[in-house]
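Data from data07.cif: mmCIF, C-alpha atoms
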```
data_query
#
loop_
_atom_site.label_atom_id
_atom_site.label_comp_id
_atom_site.auth_asym_id
_atom_site.auth_seq_id
_atom_site.Cartn_x
_atom_site.Cartn_y
_atom_site.Cartn_z
CA MET A 1 -11.34 -16.24 -27.67
CA SER A 2 -10.69 -16.47 -23.95
CA GLN A 3 -11.81 -13.73 -21.59
CA VAL A 4 -9.05 -11.44 -20.35
CA ILE A 5 -9.44 -9.21 -17.32
CA ARG A 6 -6.88 -6.49 -16.87
CA GLY A 7 -7.02 -3.52 -14.55
CA GLN A 8 -6.82 0.00 -15.89
CA TRP A 9 -4.83 2.79 -14.27
CA CYS A 10 -7.74 5.17 -13.94
CA VAL A 11 -9.34 6.08 -10.62
CA LYS A 12 -13.13 6.01 -10.74
CA PRO A 13 -15.11 8.83 -9.06
CA GLU A 14 -16.70 6.45 -6.54
CA GLN A 15 -13.40 4.93 -5.40
CA HIS A 16 -11.60 5.87 -2.20
CA TYR A 17 -8.05 4.85 -1.36
CA ALA A 18 -6.36 4.56 2.01
CA ILE A 19 -2.65 5.09 2.50
CA ILE A 20 -1.08 3.94 5.75
CA ALA A 21 2.42 5.27 6.39
CA ALA A 22 4.81 4.56 9.25
CA GLU A 23 6.25 7.54 11.15
CA PHE A 24 9.43 5.57 11.91
CA ASN A 25 12.06 6.43 9.28
CA SER A 26 9.87 9.37 8.22
CA PRO A 27 12.48 10.96 5.94
CA ILE A 28 11.89 7.89 3.76
CA THR A 29 8.23 7.12 4.43
CA SER A 30 7.15 10.71 3.84
CA ARG A 31 8.66 10.47 0.35
CA LEU A 32 6.76 7.20 -0.17
CA ALA A 33 3.50 8.82 0.93
CA GLU A 34 4.07 11.81 -1.36
CA GLY A 35 4.72 9.43 -4.25
CA ALA A 36 1.57 7.43 -3.54
CA VAL A 37 -0.64 10.52 -3.34
CA ASP A 38 0.93 11.93 -6.50
CA ALA A 39 0.26 8.69 -8.41
CA LEU A 40 -3.37 8.61 -7.31
CA LEU A 41 -3.92 12.25 -8.26
CA ARG A 42 -2.23 11.84 -11.64
CA HIS A 43 -4.45 8.83 -12.38
CA GLY A 44 -7.68 10.71 -11.77
CA ALA A 45 -8.27 10.80 -8.02
CA GLU A 46 -9.33 13.92 -6.24
CA GLU A 47 -7.85 14.72 -2.84
CA LYS A 48 -11.16 13.88 -1.14
CA GLN A 49 -10.78 10.29 -2.42
CA ILE A 50 -7.50 9.78 -0.56
CA THR A 51 -7.13 9.24 3.18
CA THR A 52 -3.63 9.04 4.66
CA ILE A 53 -3.17 7.57 8.12
CA TRP A 54 0.15 7.82 9.95
CA VAL A 55 1.07 5.13 12.48
CA PRO A 56 4.11 4.84 14.78
CA GLY A 57 5.95 2.13 12.84
CA SER A 58 5.66 -0.57 10.21
CA PHE A 59 4.62 -3.17 12.78
CA GLU A 60 1.37 -1.28 13.41
CA ILE A 61 0.37 -1.11 9.74
CA PRO A 62 -1.50 -4.46 9.47
CA THR A 63 -3.82 -3.60 12.38
CA ILE A 64 -4.90 -0.35 10.75
CA ALA A 65 -5.05 -1.96 7.30
CA GLU A 66 -7.48 -4.55 8.62
CA ARG A 67 -9.73 -1.90 10.19
CA LEU A 68 -9.78 0.16 6.99
CA ALA A 69 -10.34 -2.84 4.71
CA LYS A 70 -13.24 -4.07 6.85
CA SER A 71 -14.84 -0.61 6.92
CA GLY A 72 -16.08 -0.98 3.36
CA ASN A 73 -15.03 2.60 2.64
CA PHE A 74 -11.91 1.86 0.57
CA CYS A 75 -11.32 0.02 -2.68
CA ALA A 76 -7.65 -0.52 -1.79
CA VAL A 77 -5.24 0.06 1.07
CA VAL A 78 -1.63 1.07 0.37
CA CYS A 79 0.81 0.14 3.15
CA LEU A 80 4.02 2.19 3.31
CA GLY A 81 6.91 1.69 5.70
CA CYS A 82 10.65 1.32 5.96
CA ILE A 83 12.61 -1.22 7.96
CA ILE A 84 16.38 -0.83 7.91
CA ARG A 85 18.59 -3.70 9.01
CA GLY A 86 20.44 -3.09 12.24
CA GLN A 87 22.86 -5.16 14.23
CA THR A 88 20.22 -7.43 15.78
CA THR A 89 17.60 -9.85 14.49
CA HIS A 90 14.85 -7.28 15.14
CA PHE A 91 14.80 -6.46 11.40
CA GLU A 92 13.88 -10.02 10.42
CA HIS A 93 11.14 -10.34 13.03
CA VAL A 94 9.47 -7.06 12.17
CA ALA A 95 9.75 -7.50 8.40
CA GLN A 96 8.31 -11.02 8.51
CA GLN A 97 5.38 -10.08 10.74
CA VAL A 98 4.51 -6.99 8.73
CA ALA A 99 4.60 -8.88 5.43
CA SER A 100 2.46 -11.70 6.82
CA GLY A 101 0.02 -9.28 8.41
CA ILE A 102 -0.51 -7.21 5.30
CA ALA A 103 -0.97 -10.33 3.16
CA ALA A 104 -3.48 -11.75 5.65
CA VAL A 105 -5.59 -8.58 5.53
CA GLY A 106 -5.99 -8.75 1.77
CA LEU A 107 -6.82 -12.45 1.83
CA ALA A 108 -9.31 -12.12 4.70
CA THR A 109 -11.15 -9.07 3.41
CA GLY A 110 -10.87 -9.24 -0.37
CA VAL A 111 -9.71 -5.63 -0.39
CA PRO A 112 -6.42 -5.15 -2.25
CA THR A 113 -3.87 -4.43 0.45
CA ILE A 114 -0.67 -3.32 -1.23
CA PHE A 115 2.71 -4.07 0.36
CA ALA A 116 5.23 -1.25 -0.02
CA ILE A 117 7.40 -1.75 3.00
CA ILE A 118 10.99 -1.02 2.06
CA THR A 119 13.38 -3.48 3.66
CA ALA A 120 16.94 -2.33 3.19
CA ASP A 121 20.39 -2.88 4.61
CA THR A 122 21.19 0.84 4.69
CA THR A 123 19.47 4.21 4.77
CA GLU A 124 21.02 4.97 1.40
CA GLN A 125 19.39 1.90 -0.16
CA ALA A 126 16.04 2.88 1.34
CA MET A 127 16.31 6.46 0.05
CA ASP A 128 17.11 5.14 -3.42
CA ARG A 129 13.82 3.21 -3.40
CA ALA A 130 11.95 6.24 -2.06
CA GLY A 131 12.68 8.26 -5.16
CA LEU A 132 16.37 9.10 -5.32
CA LYS A 133 17.61 6.56 -7.87
CA MET A 134 15.22 3.66 -8.34
CA GLY A 135 11.81 5.27 -8.69
CA ASN A 136 9.44 5.73 -5.80
CA ALA A 137 8.04 2.56 -4.20
CA GLY A 138 5.06 4.59 -2.93
CA TRP A 139 4.17 5.64 -6.49
CA ASN A 140 4.48 2.03 -7.66
CA ALA A 141 2.30 0.80 -4.80
CA ALA A 142 -0.44 3.32 -5.58
CA CYS A 143 -0.42 2.27 -9.23
CA SER A 144 -0.78 -1.35 -8.12
CA ALA A 145 -3.69 -0.31 -5.89
CA ILE A 146 -5.44 1.42 -8.79
CA GLU A 147 -4.96 -1.59 -11.05
CA MET A 148 -6.04 -4.11 -8.42
CA ALA A 149 -9.12 -2.10 -7.48
CA ASP A 150 -10.15 -2.14 -11.14
CA VAL A 151 -9.51 -5.87 -11.45
CA MET A 152 -11.63 -6.51 -8.35
CA ARG A 153 -14.39 -4.29 -9.77
CA GLN A 154 -14.53 -6.49 -12.87
CA LEU A 155 -14.65 -9.82 -11.05
CA PRO A 156 -17.89 -11.46 -9.93
CA LEU A 157 -18.76 -11.00 -6.26
CA PRO A 158 -18.22 -14.04 -4.05
CA LYS A 159 -21.29 -16.20 -3.49
CA ASN A 160 -22.58 -16.39 0.05
CA THR A 161 -22.43 -19.94 1.29
#
```

Write out the structure in this file as structure tokens.
Amino acid sequence: MSQVIRGQWCVKPEQHYAIIAAEFNSPITSRLAEGAVDALLRHGAEEKQITTIWVPGSFEIPTIAERLAKSGNFCAVVCLGCIIRGQTTHFEHVAQQVASGIAAVGLATGVPTIFAIITADTTEQAMDRAGLKMGNAGWNAACSAIEMADVMRQLPLPKNT
């Protein structure tokens, strides 16, 4: 039989999670942060295992994610933000850079860096994804962080070359 590795949704006592949340669009991002913390607590974390960092906007998230991932103190970093389309191309530029930055952090550090940046056309759509109608993207991101941290725990460490 082939080997199967699957992450469990159970926070281990030695694990610490970072949540980075953007202040911009805080009526939405605060709901995402609450959802992420709630998911971690309900899956076995204690409050002392969770660190939440607030940054000005989504664009600043990758910089902080990189610092936290490189610190060695966190098994996963959850990135929460909200970018709402306006009447200019600013939305596309910010969304693309944030997505690329968050992905680059995870690839460069090996620390699961979870993307939960809501990109929406309207505030109503964003609120729906922050818990009003479509579940809470922060909760979902924290669950992904728990699962990915457990997958990474089960994998062999990279060989130094």

Worksheet entry | the PyMOL selection byres ((chain A and resi 126) around 12) resolved against shown file, as a count of residues only | 34

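The environment of Thr51 (chain A) within 10 Å, counting all atoms listed in the file and disregarding residues fewer than 2 places along the same chain, consists of His16, Tyr17, Ala18, Ile19, Ile20, Val37, Glu47, Lys48, Gln49, Ile53, Phe74 and Val77 of chain A.
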
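In this structure, CA of Leu157 (chain A) sits 17.1 Å away from CA of Val4 (chain A).
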
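For the choices A:Ala149, A:Ile5, A:Ala45, A:Ala65, the atom-to-atom distance to Ala21 (chain A) is smallest for A:Ala65 when using only C-alpha atoms.
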
Discussion item. Using all atoms listed in the file - which residues lie no farther than 12 Å from the point (-10.2, -3.7, -16.5) in the file's frame? Write them as a PyMOL selection string.
Written reply: chain A and resi 3-12+146-155

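Considering only C-alpha atoms, the residue among A:Ala142, A:Met1, A:Ala108, A:Val98 positioned nearest to Lys70 (chain A) is A:Ala108.
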
Practice prompt. List the neighbours of Pro56 (chain A) out to 8 Å using only C-alpha atoms; skip same-chain residues closer than 2 positions along the sequence, and give me the result as a list in words.
Written response: Ala22, Glu23, Phe24, Trp54, Ser58 and Glu60 of chain A
